[in-house]
Number of protein chains: 2
Amino acid sequence: MPRPTTCTTLAEAVEGVQDGATVIIPGFGGAGTPWNLLTALYEQGATGLTLVMNSIQSVTNDTRVKGVSDLVDAGRVKKVIASFTAATHPSRISRGEQMVRDGLMAAELVPQGTLAERIRAGGAGIPAFYTPAGVGTLLASGKEHREFEGETYVLEEGIFADYALVRAWKADTAGNLVFRHAGRNYNPIAAMAARHVLVEVEEPIVEAGELDPDEIHTPGIYVERLVPILPHGVLRVERGTLPTTPTAAPSHEAPATGSGKRRLTRAEMAAVIAQRMQPGWIANLGIGIPTQASDFVDFDAGITLTSENGVIGYSRLAKPGMGDPDIVNAGGQQVDIVPGASFVHHADSFGLVRSGRLDVTVLGAYEAAADGSFANWRLSDAPWDNLGGIGGAMDLVARAKQIWLAMEHATRDGKPRLLDRCTLPVTSPRGVTLIVTDIAVIAVQGGRFLLEEHAPGYTAAEIASLTGAPLDISPVLREVSV
Amino acid sequence: MPRPTTCTTLAEAVEGVQDGATVIIPGFGGAGTPWNLLTALYEQGATGLTLVMNSIQSVTNDTRVKGVSDLVDAGRVKKVIASFTAATHPSRISRGEQMVRDGLMAAELVPQGTLAERIRAGGAGIPAFYTPAGVGTLLASGKEHREFEGETYVLEEGIFADYALVRAWKADTAGNLVFRHAGRNYNPIAAMAARHVLVEVEEPIVEAGELDPDEIHTPGIYVERLVPILPHGVLRVERGTLPTTPTAAPSHEAPATGSGKRRLTRAEMAAVIAQRMQPGWIANLGIGIPTQASDFVDFDAGITLTSENGVIGYSRLAKPGMGDPDIVNAGGQQVDIVPGASFVHHADSFGLVRSGRLDVTVLGAYEAAADGSFANWRLSDAPWDNLGGIGGAMDLVARAKQIWLAMEHATRDGKPRLLDRCTLPVTSPRGVTLIVTDIAVIAVQGGRFLLEEHAPGYTAAEIASLTGAPLDISPVLREVSV
């Protein structure tokens with residue numbers, strides 16, 4: 001086997017990365033991120049870079065360790081291609097976001113599953129493919145549309161980069177790699193999709209032949225350089241890479257304002273979501289309130305939770321200090337897994353999503369409309385500047401059998417978030433069937449809202465007055481019971 | 001986790017497969033073929049089937065066991081989609097081939113990498129993609145062509161089937177699967193690309209949680225039914241599924257016909273090929289003479305051999321009785337592996353091919369021309385009827401840095417096989433750089449043949465007289481030395 005170079009220092013591993021290079025950087029929720037190579041790249045000095053990764057917001061609490069944000073903030077990045085190019089809340093504008101607005105950095109916002117598939121395609125010699133993700137939204141504008149068997153898809157092109165910075169768990173001297181749990185995420189596809197693959201390795205590098213050939217995730221022929229993380233690097237950096245929730249969710253958690261009348265807490269909303277799931281379902285929970293539902297799901301009923309980063313079969317949030325930094329949910333929170341759980345890479349994870357295996361996807365939202373549309377990735381209706389935080393939402397909604405939302409019923413100043421039509425750019429132009437808010441549970445069907453449950457103390461009239469579209473009342477309207 | 005059904009009999013595992021169903025059948029060279037489920041399907045009786053698999057020629061020596069050929073021969077198949085739809089030699093016409101000619105069965109001949117990618121795409125919710133395989137050949141006729149960055153590609157559509165019959169090594173009660181060595185091949189992508197995934201399992205099925213989540217190849221959520229092969233089935237059936245060599249290679253292996261003058265044997269031709277490989281190269285050896293080169297390659301020079309079925313890093317042919325039926329080369333022959341070898345599934349294997357990682361692909365051929373074209377998949381120039389044996393050749397030639405051929409210099413009746421232009425449908429319209437024949441080694445450059453080596457006793461004039469195009473003579477012409 002051709003032997004990759006085993007470097008002794010991190011600096012040696014990133015030697016020669018030229019100005020203007022395109023670099024793929026895996027990592028999701030702090031797991032599988034090549035923190036040490038990123039730090040070495042920061043110190044190496046290359047500039048004018050194009051970075052391809054999940055989110056431009058990748059920082060740590062450890063001042064020795066640099067993330068994507070540090071490269072961006074230092075003005076070393078010419079362009080970012082990511083599924084989160086901006087903080088989702090206008091009050092938390094990142095330096096990178098401001099640079100995009102000021103014309104100092106280019107940005108390309110890509111649905112997360114499309115991003116993973118574009119990397120996988122580039123690595124597989126496929127120049128372009130069609131995907132349903134984003135159809136009917138601003139992110140598909142200007143893209144070529146085409147119908148196959150009556151469904152509409154958009155054309156997306158493969159990505160093949162100059163460099164991939166990869167984080168592996170185990171490696172051998174032939175360059176074969178094994179990833180750990182959800183640390184796998186983008187790593188195997190990044191290793192396929194770059195001319196130069198540089199790998200930081202957690203465990204001591206073993207001789208070729210010592211890894212079981214059947215458990216190798218990435219064949220060594222893709223790898224150019226290996227570097228053991230220790231003794232010069234930092235093994236674990238647990239601060240995640242994900243932005244805070246894209247859900248404008250209730251931060252007030254108000255106590256009862258009058259006898260028996262209070263809004264539902266996030267946990268109660270999450271419990272309602274879990275309650276509605278049917279035995280045997282496969283469900284995906286988005287960042288924010290939806291991920292909290294994992295604490296209420298009845299796993300004995302055979303419900304399987306998948307996370308877009310490739311965790312299939314997770315369960316509750318891990319107890320503080322008891323979690324594994326390589327097992328995280330869509331929000332980057334540490335979770336437990338069920339017996340029979342497995343891990344796949346990011347492209348396979350979204351393959352599962354797009355091929356229609358999900359019974360339900362549950363997402364946060366800023367707005368939802370009676371036509372089944374909703375908006376959750378951009379709070380601005382300013383001219384399109386490629387800023388926003390779409391994550392995997394557009395992939396998830398493209399083929400899930402049902403779309404549910406968990407959201408605030410109204411803004412802090414009382415403006416309805418449930419509307420006739422969305423005012424913000426939509427995530428999907430259709431498909432929502434259920435909305436769980438802090439005061440109500442509402443079905444969406446036939447272009448109308450139907451009130452099915454109310455928070456304790458809230459009347460249908462009160463809920464209707466906070467709803468921006470006609471609200472039908474279920475004949476079996478009941479109080480939320482969780 | 002949702003539990004798949006664990007069946008107690010093979011008959012139960014295929015219950016309900018309806019007439020007219022589309023069924024994907026993995027397997028390559030006898031490894032990873034679901035022989036027991038095929039046998040059960042044969043007995044179950046469903047007819048009017050559309051079968052998707054590598055080759056329609058899949059038979060065994062074990063009369064208890066049925067293969068694809070048995071279903072075809074029994075008239076149970078409406079259509080085959082395969083990379084081998086016919087025997088490659090007119091003297092070995094299969095029943096299936098005759099049925100296609102007689103209009104009793106439809107056939108769709110697909111380059112092997114395209115077939116794998118179409119299955120993977122179907123499983124990943126991708127309706128269509130562009131690939132370079134087949135451009136400039138009969139197999140691209142009628143397909144939509146398109147340029148990306150100056151290269152031409154054809155549009156291919158995803159395949160999503162009603163059923164996949166899968167052969168796994170290990171499984172747990174949650175349906176998680178692990179495949180064994182090159183038995184992996186089409187199995188993981190087949191499991192993604194069907195509504196109903198039926199799995200025969202070699203080892204006893206263990207409880208969910210007993211398999212290491214990081215070594216699971218296929219997540220259980222794809223699986224509908226599991227059936228242990230034993231006690232009712234047959235564990236190993238080592239007869240391969242591949243047709244005999246597509247190379248019209250010297251079967252005569254003639255002894256010396258005059259002093260010091262004889263044609264090179266297949267082994268000698270293979271040795272010449274190995275001799276020409278450079279240290280550190282990644283090489284793919286096609287069925288026939290090329291695969292024999294593995295016995296002569298200098299593995300200490302860091303040459304890596306890959307096989308289209310996903311074996312990365314194989315070495316010599318296994319000694320008789322010492323091989324592993326799950327480690328086979330492109331011709332289905334058992335081979336050894338080097339330390340540091342690994343296995344990938346069929347789509348990843350061809351991803352590696354199409355993304356330009358191969359330094360050389362070596363193939364058999366019927367004809368080669370001075371313009372760098374060659375023909376190796378169809379001996380007939382009869383009207384196009386979708387019959388032929390293309391295997392992975394069109395994928396391999398699309399992006400390999402070099403294309404080498406190993407072939408007979410002339411037909412048995414002395415007609416040249418090296419021509420100005422090919423008369424048979426081409427495998428590639430360009431790109432051949434070296435041809436090793438039974439009497440000469442010839443470089444192809446600038447639209448001309450250049451004689452570099454001659455078999456012992458053969459003069460340049462004799463070789464030129466057996467060559468159907470002008471033959472330049474190298475100033476350093478030398479005798480083959482192997």
# chains A, B, ... in the order shown; residues from 1 in each chain; ligands from 1

$ select_by_dssp --residues "segment 1-205 of chain B" --states "helix (DSSP H, G or I)" --output "PyMOL selection string"
chain B and resi 10-13+35-44+68-73+90-92+95-101+112-123+138-140+181-183+187-192

$ interface_residues --of "chain A" --to "chain B" --cutoff "7 Å" --atoms "only C-alpha atoms" --output "PyMOL selection string"
chain A and resi 1-2+123-131+148+174+180-181+208-209+213-216+219+280+302-304+313+339-343+351-352+354-355

$ atom_distance --atom1 "atom CA of Ala107 of chain A" --atom2 "atom CA of Ala21 of chain A"
15.6 Å

$ atom_distance --atom1 "atom CA of Met277 of chain A" --atom2 "atom CA of Ala443 of chain A"
14.2 Å

$ closest_residue --among "B:Pro425, B:Gly16, B:Gly446, B:Gly136" --to "Ala382 of chain B" --atoms "only C-alpha atoms"
B:Pro425

$ residues_around --residues "Asp438 of chain A" --least-positions-apart "6" --cutoff "7 Å" --atoms "only C-alpha atoms" --output "ChimeraX atom specification"
/A:263-265,269,408-409

$ write_last_selection --atoms "N, CA and C atoms" --output "PDB file, in the first residue's frame"
ATOM      1  N   ARG A 263     -48.560  29.839  29.992  1.00  0.00           N
ATOM      2  CA  ARG A 263     -48.103  29.209  28.754  1.00  0.00           C
ATOM      3  C   ARG A 263     -47.406  27.906  29.071  1.00  0.00           C
ATOM      4  N   LEU A 264     -47.373  27.045  28.054  1.00  0.00           N
ATOM      5  CA  LEU A 264     -46.641  25.790  28.225  1.00  0.00           C
ATOM      6  C   LEU A 264     -45.143  26.081  28.229  1.00  0.00           C
ATOM      7  N   THR A 265     -44.436  25.341  29.049  1.00  0.00           N
ATOM      8  CA  THR A 265     -42.980  25.452  29.014  1.00  0.00           C
ATOM      9  C   THR A 265     -42.471  24.712  27.775  1.00  0.00           C
ATOM     10  N   MET A 269     -44.126  21.483  25.835  1.00  0.00           N
ATOM     11  CA  MET A 269     -44.336  21.419  24.377  1.00  0.00           C
ATOM     12  C   MET A 269     -43.645  20.171  23.813  1.00  0.00           C
ATOM     13  N   GLU A 408     -43.401  29.408  19.244  1.00  0.00           N
ATOM     14  CA  GLU A 408     -44.199  30.374  20.009  1.00  0.00           C
ATOM     15  C   GLU A 408     -45.463  30.709  19.229  1.00  0.00           C
ATOM     16  N   HIS A 409     -46.548  30.879  19.939  1.00  0.00           N
ATOM     17  CA  HIS A 409     -47.784  31.219  19.242  1.00  0.00           C
ATOM     18  C   HIS A 409     -47.760  32.661  18.732  1.00  0.00           C
TER      19      HIS A 409
END

$ closest_residue --among "B:Thr423, B:Thr9, B:Thr411, B:Ser141" --to "Asp381 of chain B" --atoms "only C-alpha atoms"
B:Thr423

$ residues_around --residues "Glu15 of chain B" --least-positions-apart "5" --cutoff "10 Å" --atoms "only C-alpha atoms" --output "compact mmCIF listing (two decimals) with all heavy atoms, in the first residue's frame"
# COMPACT_ATOMS: atom_id res chain seq x y z
N LEU B 10 -36.87 -19.80 5.16
CA LEU B 10 -36.57 -18.98 3.98
C LEU B 10 -37.86 -18.66 3.22
O LEU B 10 -38.01 -17.57 2.67
CB LEU B 10 -35.56 -19.71 3.10
CG LEU B 10 -34.15 -19.73 3.72
CD1 LEU B 10 -33.34 -20.91 3.21
CD2 LEU B 10 -33.44 -18.42 3.45
N ALA B 40 -35.37 -19.47 -2.47
CA ALA B 40 -36.73 -19.37 -1.91
C ALA B 40 -37.65 -18.62 -2.85
O ALA B 40 -38.82 -18.99 -3.02
CB ALA B 40 -36.68 -18.68 -0.55
N LEU B 41 -37.12 -17.59 -3.50
CA LEU B 41 -37.94 -16.83 -4.46
C LEU B 41 -38.29 -17.70 -5.67
O LEU B 41 -39.42 -17.65 -6.18
CB LEU B 41 -37.17 -15.58 -4.92
CG LEU B 41 -37.89 -14.66 -5.92
CD1 LEU B 41 -39.18 -14.10 -5.31
CD2 LEU B 41 -36.98 -13.51 -6.36
N GLN B 44 -40.99 -19.80 -4.50
CA GLN B 44 -42.20 -19.03 -4.16
C GLN B 44 -43.08 -18.81 -5.37
O GLN B 44 -44.30 -18.74 -5.25
CB GLN B 44 -41.76 -17.70 -3.54
CG GLN B 44 -42.88 -16.82 -2.99
CD GLN B 44 -43.23 -15.67 -3.94
OE1 GLN B 44 -42.83 -15.64 -5.10
NE2 GLN B 44 -44.03 -14.75 -3.44
N ALA B 46 -43.18 -16.17 -7.79
CA ALA B 46 -43.48 -14.86 -8.40
C ALA B 46 -42.89 -14.80 -9.80
O ALA B 46 -41.80 -15.29 -10.05
CB ALA B 46 -42.92 -13.73 -7.54
